[in-house]
>>> print(open('protein-v4.json').read())   # JSON, C-alpha atoms
[["chain", "number", "residue", "atom", "x", "y", "z"],
["A", 174, "MET", "CA", 0.00, 0.00, 0.00],
["A", 175, "SER", "CA", 1.41, 3.38, -0.94],
["A", 176, "THR", "CA", 1.71, 6.05, 1.71],
["A", 177, "ASP", "CA", -0.56, 8.37, -0.28],
["A", 178, "LEU", "CA", -3.32, 5.75, -0.30],
["A", 179, "ALA", "CA", -2.86, 5.09, 3.42],
["A", 180, "LEU", "CA", -3.15, 8.81, 4.16],
["A", 181, "VAL", "CA", -6.34, 9.17, 2.12],
["A", 182, "LEU", "CA", -7.92, 6.03, 3.59],
["A", 183, "GLY", "CA", -7.12, 7.22, 7.10],
["A", 184, "LEU", "CA", -8.70, 10.60, 6.46],
["A", 185, "VAL", "CA", -11.82, 9.04, 4.92],
["A", 186, "VAL", "CA", -12.25, 6.55, 7.79],
["A", 187, "ILE", "CA", -11.97, 9.34, 10.37],
["A", 188, "PHE", "CA", -14.35, 11.56, 8.40],
["A", 189, "PHE", "CA", -17.01, 8.84, 8.30],
["A", 190, "SER", "CA", -16.61, 8.02, 12.00],
["A", 191, "LEU", "CA", -17.49, 11.54, 13.17],
["A", 192, "PRO", "CA", -21.27, 11.30, 12.51],
["A", 193, "ALA", "CA", -21.31, 7.89, 14.20],
["A", 194, "ILE", "CA", -19.67, 9.35, 17.31],
["A", 195, "ILE", "CA", -22.16, 12.22, 17.44],
["A", 196, "SER", "CA", -25.03, 9.76, 17.01],
["A", 197, "ALA", "CA", -23.75, 7.50, 19.78],
["A", 198, "TRP", "CA", -23.30, 10.39, 22.19],
["A", 199, "SER", "CA", -26.73, 11.81, 21.43],
["A", 200, "ASP", "CA", -28.32, 8.40, 22.11],
["A", 201, "ARG", "CA", -26.24, 8.11, 25.33],
["A", 202, "ARG", "CA", -24.46, 5.01, 24.08],
["A", 203, "ALA", "CA", -20.76, 4.23, 24.28],
["A", 204, "PRO", "CA", -19.13, 5.05, 20.92],
["A", 205, "ARG", "CA", -17.09, 1.83, 20.76],
["A", 206, "ALA", "CA", -17.16, 1.14, 17.00],
["A", 207, "PRO", "CA", -16.59, 4.78, 15.99],
["A", 208, "MET", "CA", -13.65, 5.01, 18.36],
["A", 209, "MET", "CA", -12.16, 1.89, 16.77],
["A", 210, "MET", "CA", -12.61, 3.56, 13.39],
["A", 211, "ILE", "CA", -10.75, 6.63, 14.65],
["A", 212, "LEU", "CA", -7.92, 4.43, 15.95],
["A", 213, "ILE", "CA", -7.67, 2.63, 12.60],
["A", 214, "GLY", "CA", -7.78, 5.89, 10.65],
["A", 215, "GLY", "CA", -5.21, 7.47, 12.93],
["A", 216, "GLY", "CA", -2.96, 4.45, 12.56],
["A", 217, "LEU", "CA", -3.16, 4.71, 8.78],
["A", 218, "ILE", "CA", -2.31, 8.41, 8.92],
["A", 219, "ILE", "CA", 0.62, 7.83, 11.27],
["A", 220, "PHE", "CA", 1.86, 5.02, 9.03],
["A", 221, "ALA", "CA", 1.68, 7.30, 5.98],
["A", 222, "VAL", "CA", 3.45, 10.22, 7.65],
["A", 223, "THR", "CA", 6.25, 8.13, 9.12],
["A", 224, "GLN", "CA", 6.90, 6.01, 6.03],
["A", 225, "ASN", "CA", 6.87, 8.84, 3.48],
["A", 226, "PRO", "CA", 10.33, 10.40, 3.14],
["A", 227, "GLY", "CA", 9.93, 14.00, 4.25],
["A", 228, "GLY", "CA", 6.42, 13.41, 5.58],
["A", 229, "TYR", "CA", 3.41, 15.45, 4.50],
["A", 230, "SER", "CA", 2.53, 19.07, 5.06],
["A", 231, "ILE", "CA", -1.01, 20.34, 5.46],
["A", 232, "ALA", "CA", -0.73, 22.08, 2.08],
["A", 233, "GLN", "CA", 0.07, 18.76, 0.35],
["A", 234, "VAL", "CA", -3.01, 16.91, 1.63],
["A", 235, "PRO", "CA", -5.50, 18.15, -1.04],
["A", 236, "ASP", "CA", -3.03, 17.34, -3.84],
["A", 237, "VAL", "CA", -2.44, 13.87, -2.41],
["A", 238, "PHE", "CA", -6.18, 13.30, -1.96],
["A", 239, "PHE", "CA", -7.08, 14.22, -5.52],
["A", 240, "GLY", "CA", -4.01, 12.38, -6.84],
["A", 241, "VAL", "CA", -5.20, 9.14, -5.25],
["A", 242, "ILE", "CA", -8.72, 9.67, -6.62],
["A", 243, "ARG", "CA", -7.21, 10.33, -10.06],
["A", 244, "GLN", "CA", -5.27, 7.05, -9.86],
["A", 245, "LEU", "CA", -8.38, 5.07, -8.87],
["A", 246, "MET", "CA", -10.54, 6.41, -11.68],
["A", 247, "PRO", "CA", -10.36, 4.37, -14.89]]
>>> encode(input="protein-v4.json", output="structure tokens")
Amino acid sequence: MSTDLALVLGLVVIFFSLPAIISAWSDRRAPRAPMMMILIGGGLIIFAVTQNPGGYSIAQVPDVFFGVIRQLMP
């Protein structure tokens, strides 16, 4: 798995876990599954940042995101 793909997957997993956390808290349930999603997404992001030579800057994230989408489109 490339580091760019790991970064994008981590961001997407965290993005989709946020509504689940809000829903769990509003229903007064423990947000167990959404917290696991945040841990997985965070792990993917940490993997991407540590394995990419030079790391990523905040300004590079949109270019990386759209670059991965461009690669996945046929």
>>> residues_around(input="protein-v4.json", residues="Pro192 of chain A", least_positions_apart="2", cutoff="12 Å", atoms="all atoms listed in the file", output="PDB file with C-alpha atoms, in the coordinates of the input")
ATOM      1  CA  VAL A 186     -12.250   6.550   7.790  1.00  0.00           C
ATOM      2  CA  ILE A 187     -11.970   9.340  10.370  1.00  0.00           C
ATOM      3  CA  PHE A 188     -14.350  11.560   8.400  1.00  0.00           C
ATOM      4  CA  PHE A 189     -17.010   8.840   8.300  1.00  0.00           C
ATOM      5  CA  SER A 190     -16.610   8.020  12.000  1.00  0.00           C
ATOM      6  CA  ILE A 194     -19.670   9.350  17.310  1.00  0.00           C
ATOM      7  CA  ILE A 195     -22.160  12.220  17.440  1.00  0.00           C
ATOM      8  CA  SER A 196     -25.030   9.760  17.010  1.00  0.00           C
ATOM      9  CA  ALA A 197     -23.750   7.500  19.780  1.00  0.00           C
ATOM     10  CA  TRP A 198     -23.300  10.390  22.190  1.00  0.00           C
ATOM     11  CA  SER A 199     -26.730  11.810  21.430  1.00  0.00           C
ATOM     12  CA  PRO A 204     -19.130   5.050  20.920  1.00  0.00           C
ATOM     13  CA  ALA A 206     -17.160   1.140  17.000  1.00  0.00           C
ATOM     14  CA  PRO A 207     -16.590   4.780  15.990  1.00  0.00           C
ATOM     15  CA  MET A 208     -13.650   5.010  18.360  1.00  0.00           C
ATOM     16  CA  MET A 210     -12.610   3.560  13.390  1.00  0.00           C
ATOM     17  CA  ILE A 211     -10.750   6.630  14.650  1.00  0.00           C
TER      18      ILE A 211
END
>>> axis_aligned_box(input="protein-v4.json", around="segment 205-223 of chain A", padding_each_side="3 Å", output="AutoDock Vina command-line options")
--center_x -5.5 --center_y 5.7 --center_z 13.4 --size_x 29.4 --size_y 15.1 --size_z 20.8
>>> closest_residue(input="protein-v4.json", among="A:Thr176, A:Leu212, A:Arg201, A:Leu191", to="Pro226 of chain A", atoms="all atoms listed in the file")
A:Thr176
>>> closest_residue(input="protein-v4.json", among="A:Pro247, A:Gly183, A:Pro235, A:Gly240", to="Ala221 of chain A", atoms="all atoms listed in the file")
A:Gly183
>>> atom_distance(input="protein-v4.json", atom1="atom CA of Val234 of chain A", atom2="atom CA of Ile219 of chain A")
13.7 Å
>>> atom_distance(input="protein-v4.json", atom1="atom CA of Val241 of chain A", atom2="atom CA of Asp177 of chain A")
6.8 Å
>>> atom_distance(input="protein-v4.json", atom1="atom CA of Ala232 of chain A", atom2="atom CA of Gly216 of chain A")
20.6 Å
>>> closest_residue(input="protein-v4.json", among="A:Ile218, A:Thr223, A:Tyr229, A:Leu245", to="Val181 of chain A", atoms="only C-alpha atoms")
A:Ile218
>>> closest_residue(input="protein-v4.json", among="A:Ala193, A:Leu182, A:Phe239, A:Ser175", to="Met209 of chain A", atoms="only C-alpha atoms")
A:Ala193
>>> residues_around(input="protein-v4.json", residues="Phe220 of chain A", least_positions_apart="4", cutoff="9 Å", atoms="only C-alpha atoms", output="short mmCIF file (atom, residue, chain, number, x, y, z; two decimals) with C-alpha atoms, in the frame of the given file")
data_model
loop_
_atom_site.label_atom_id
_atom_site.label_comp_id
_atom_site.auth_asym_id
_atom_site.auth_seq_id
_atom_site.Cartn_x
_atom_site.Cartn_y
_atom_site.Cartn_z
CA THR A 176 1.71 6.05 1.71
CA ALA A 179 -2.86 5.09 3.42
CA LEU A 180 -3.15 8.81 4.16
CA GLY A 215 -5.21 7.47 12.93
CA GLY A 216 -2.96 4.45 12.56
CA GLN A 224 6.90 6.01 6.03
CA ASN A 225 6.87 8.84 3.48
#
>>> closest_residue(input="protein-v4.json", among="A:Phe238, A:Arg205, A:Gln244, A:Gln233", to="Leu184 of chain A", atoms="all atoms listed in the file")
A:Phe238
>>> decode(input="protein-v4.json", residues="segment 185-209 of chain A", atoms="N, CA and C atoms", output="PDB file, in the first residue's frame")
ATOM      1  N   VAL A 185     -10.437   9.404   5.245  1.00  0.00           N
ATOM      2  CA  VAL A 185     -11.822   9.040   4.923  1.00  0.00           C
ATOM      3  C   VAL A 185     -12.457   8.258   6.070  1.00  0.00           C
ATOM      4  N   VAL A 186     -11.716   7.341   6.666  1.00  0.00           N
ATOM      5  CA  VAL A 186     -12.252   6.551   7.790  1.00  0.00           C
ATOM      6  C   VAL A 186     -12.581   7.470   8.961  1.00  0.00           C
ATOM      7  N   ILE A 187     -11.700   8.412   9.273  1.00  0.00           N
ATOM      8  CA  ILE A 187     -11.967   9.338  10.368  1.00  0.00           C
ATOM      9  C   ILE A 187     -13.153  10.239  10.043  1.00  0.00           C
ATOM     10  N   PHE A 188     -13.225  10.703   8.803  1.00  0.00           N
ATOM     11  CA  PHE A 188     -14.348  11.561   8.403  1.00  0.00           C
ATOM     12  C   PHE A 188     -15.683  10.845   8.582  1.00  0.00           C
ATOM     13  N   PHE A 189     -15.760   9.576   8.187  1.00  0.00           N
ATOM     14  CA  PHE A 189     -17.014   8.843   8.304  1.00  0.00           C
ATOM     15  C   PHE A 189     -17.317   8.398   9.730  1.00  0.00           C
ATOM     16  N   SER A 190     -16.343   8.414  10.616  1.00  0.00           N
ATOM     17  CA  SER A 190     -16.610   8.019  11.996  1.00  0.00           C
ATOM     18  C   SER A 190     -17.194   9.168  12.818  1.00  0.00           C
ATOM     19  N   LEU A 191     -16.998  10.400  12.390  1.00  0.00           N
ATOM     20  CA  LEU A 191     -17.486  11.541  13.172  1.00  0.00           C
ATOM     21  C   LEU A 191     -19.009  11.554  13.335  1.00  0.00           C
ATOM     22  N   PRO A 192     -19.817  11.350  12.283  1.00  0.00           N
ATOM     23  CA  PRO A 192     -21.274  11.297  12.509  1.00  0.00           C
ATOM     24  C   PRO A 192     -21.694  10.135  13.412  1.00  0.00           C
ATOM     25  N   ALA A 193     -20.979   9.034  13.341  1.00  0.00           N
ATOM     26  CA  ALA A 193     -21.311   7.890  14.196  1.00  0.00           C
ATOM     27  C   ALA A 193     -21.030   8.206  15.667  1.00  0.00           C
ATOM     28  N   ILE A 194     -19.973   8.958  15.927  1.00  0.00           N
ATOM     29  CA  ILE A 194     -19.672   9.350  17.310  1.00  0.00           C
ATOM     30  C   ILE A 194     -20.746  10.295  17.829  1.00  0.00           C
ATOM     31  N   ILE A 195     -21.124  11.266  17.023  1.00  0.00           N
ATOM     32  CA  ILE A 195     -22.162  12.216  17.441  1.00  0.00           C
ATOM     33  C   ILE A 195     -23.484  11.484  17.691  1.00  0.00           C
ATOM     34  N   SER A 196     -23.804  10.530  16.834  1.00  0.00           N
ATOM     35  CA  SER A 196     -25.032   9.757  17.013  1.00  0.00           C
ATOM     36  C   SER A 196     -24.990   8.931  18.295  1.00  0.00           C
ATOM     37  N   ALA A 197     -23.864   8.314  18.571  1.00  0.00           N
ATOM     38  CA  ALA A 197     -23.750   7.501  19.782  1.00  0.00           C
ATOM     39  C   ALA A 197     -23.866   8.371  21.028  1.00  0.00           C
ATOM     40  N   TRP A 198     -23.206   9.507  21.023  1.00  0.00           N
ATOM     41  CA  TRP A 198     -23.298  10.388  22.192  1.00  0.00           C
ATOM     42  C   TRP A 198     -24.697  10.948  22.376  1.00  0.00           C
ATOM     43  N   SER A 199     -25.385  11.276  21.285  1.00  0.00           N
ATOM     44  CA  SER A 199     -26.733  11.814  21.429  1.00  0.00           C
ATOM     45  C   SER A 199     -27.725  10.756  21.917  1.00  0.00           C
ATOM     46  N   ASP A 200     -27.471   9.497  21.620  1.00  0.00           N
ATOM     47  CA  ASP A 200     -28.315   8.403  22.106  1.00  0.00           C
ATOM     48  C   ASP A 200     -27.847   7.875  23.457  1.00  0.00           C
ATOM     49  N   ARG A 201     -26.824   8.504  24.034  1.00  0.00           N
ATOM     50  CA  ARG A 201     -26.243   8.113  25.326  1.00  0.00           C
ATOM     51  C   ARG A 201     -25.732   6.672  25.311  1.00  0.00           C
ATOM     52  N   ARG A 202     -25.105   6.309  24.190  1.00  0.00           N
ATOM     53  CA  ARG A 202     -24.458   5.007  24.076  1.00  0.00           C
ATOM     54  C   ARG A 202     -22.950   5.211  24.062  1.00  0.00           C
ATOM     55  N   ALA A 203     -22.218   4.166  24.359  1.00  0.00           N
ATOM     56  CA  ALA A 203     -20.761   4.234  24.282  1.00  0.00           C
ATOM     57  C   ALA A 203     -20.343   4.134  22.811  1.00  0.00           C
ATOM     58  N   PRO A 204     -19.530   5.065  22.336  1.00  0.00           N
ATOM     59  CA  PRO A 204     -19.127   5.048  20.922  1.00  0.00           C
ATOM     60  C   PRO A 204     -17.961   4.088  20.677  1.00  0.00           C
ATOM     61  N   ARG A 205     -18.179   2.801  20.869  1.00  0.00           N
ATOM     62  CA  ARG A 205     -17.093   1.826  20.756  1.00  0.00           C
ATOM     63  C   ARG A 205     -16.622   1.649  19.318  1.00  0.00           C
ATOM     64  N   ALA A 206     -17.540   1.367  18.397  1.00  0.00           N
ATOM     65  CA  ALA A 206     -17.164   1.143  16.999  1.00  0.00           C
ATOM     66  C   ALA A 206     -16.596   2.408  16.355  1.00  0.00           C
ATOM     67  N   PRO A 207     -17.200   3.579  16.574  1.00  0.00           N
ATOM     68  CA  PRO A 207     -16.592   4.778  15.985  1.00  0.00           C
ATOM     69  C   PRO A 207     -15.209   5.080  16.534  1.00  0.00           C
ATOM     70  N   MET A 208     -14.980   4.789  17.802  1.00  0.00           N
ATOM     71  CA  MET A 208     -13.649   5.012  18.357  1.00  0.00           C
ATOM     72  C   MET A 208     -12.632   4.047  17.745  1.00  0.00           C
ATOM     73  N   MET A 209     -13.060   2.826  17.464  1.00  0.00           N
ATOM     74  CA  MET A 209     -12.163   1.892  16.769  1.00  0.00           C
ATOM     75  C   MET A 209     -11.840   2.403  15.368  1.00  0.00           C
TER      76      MET A 209
END
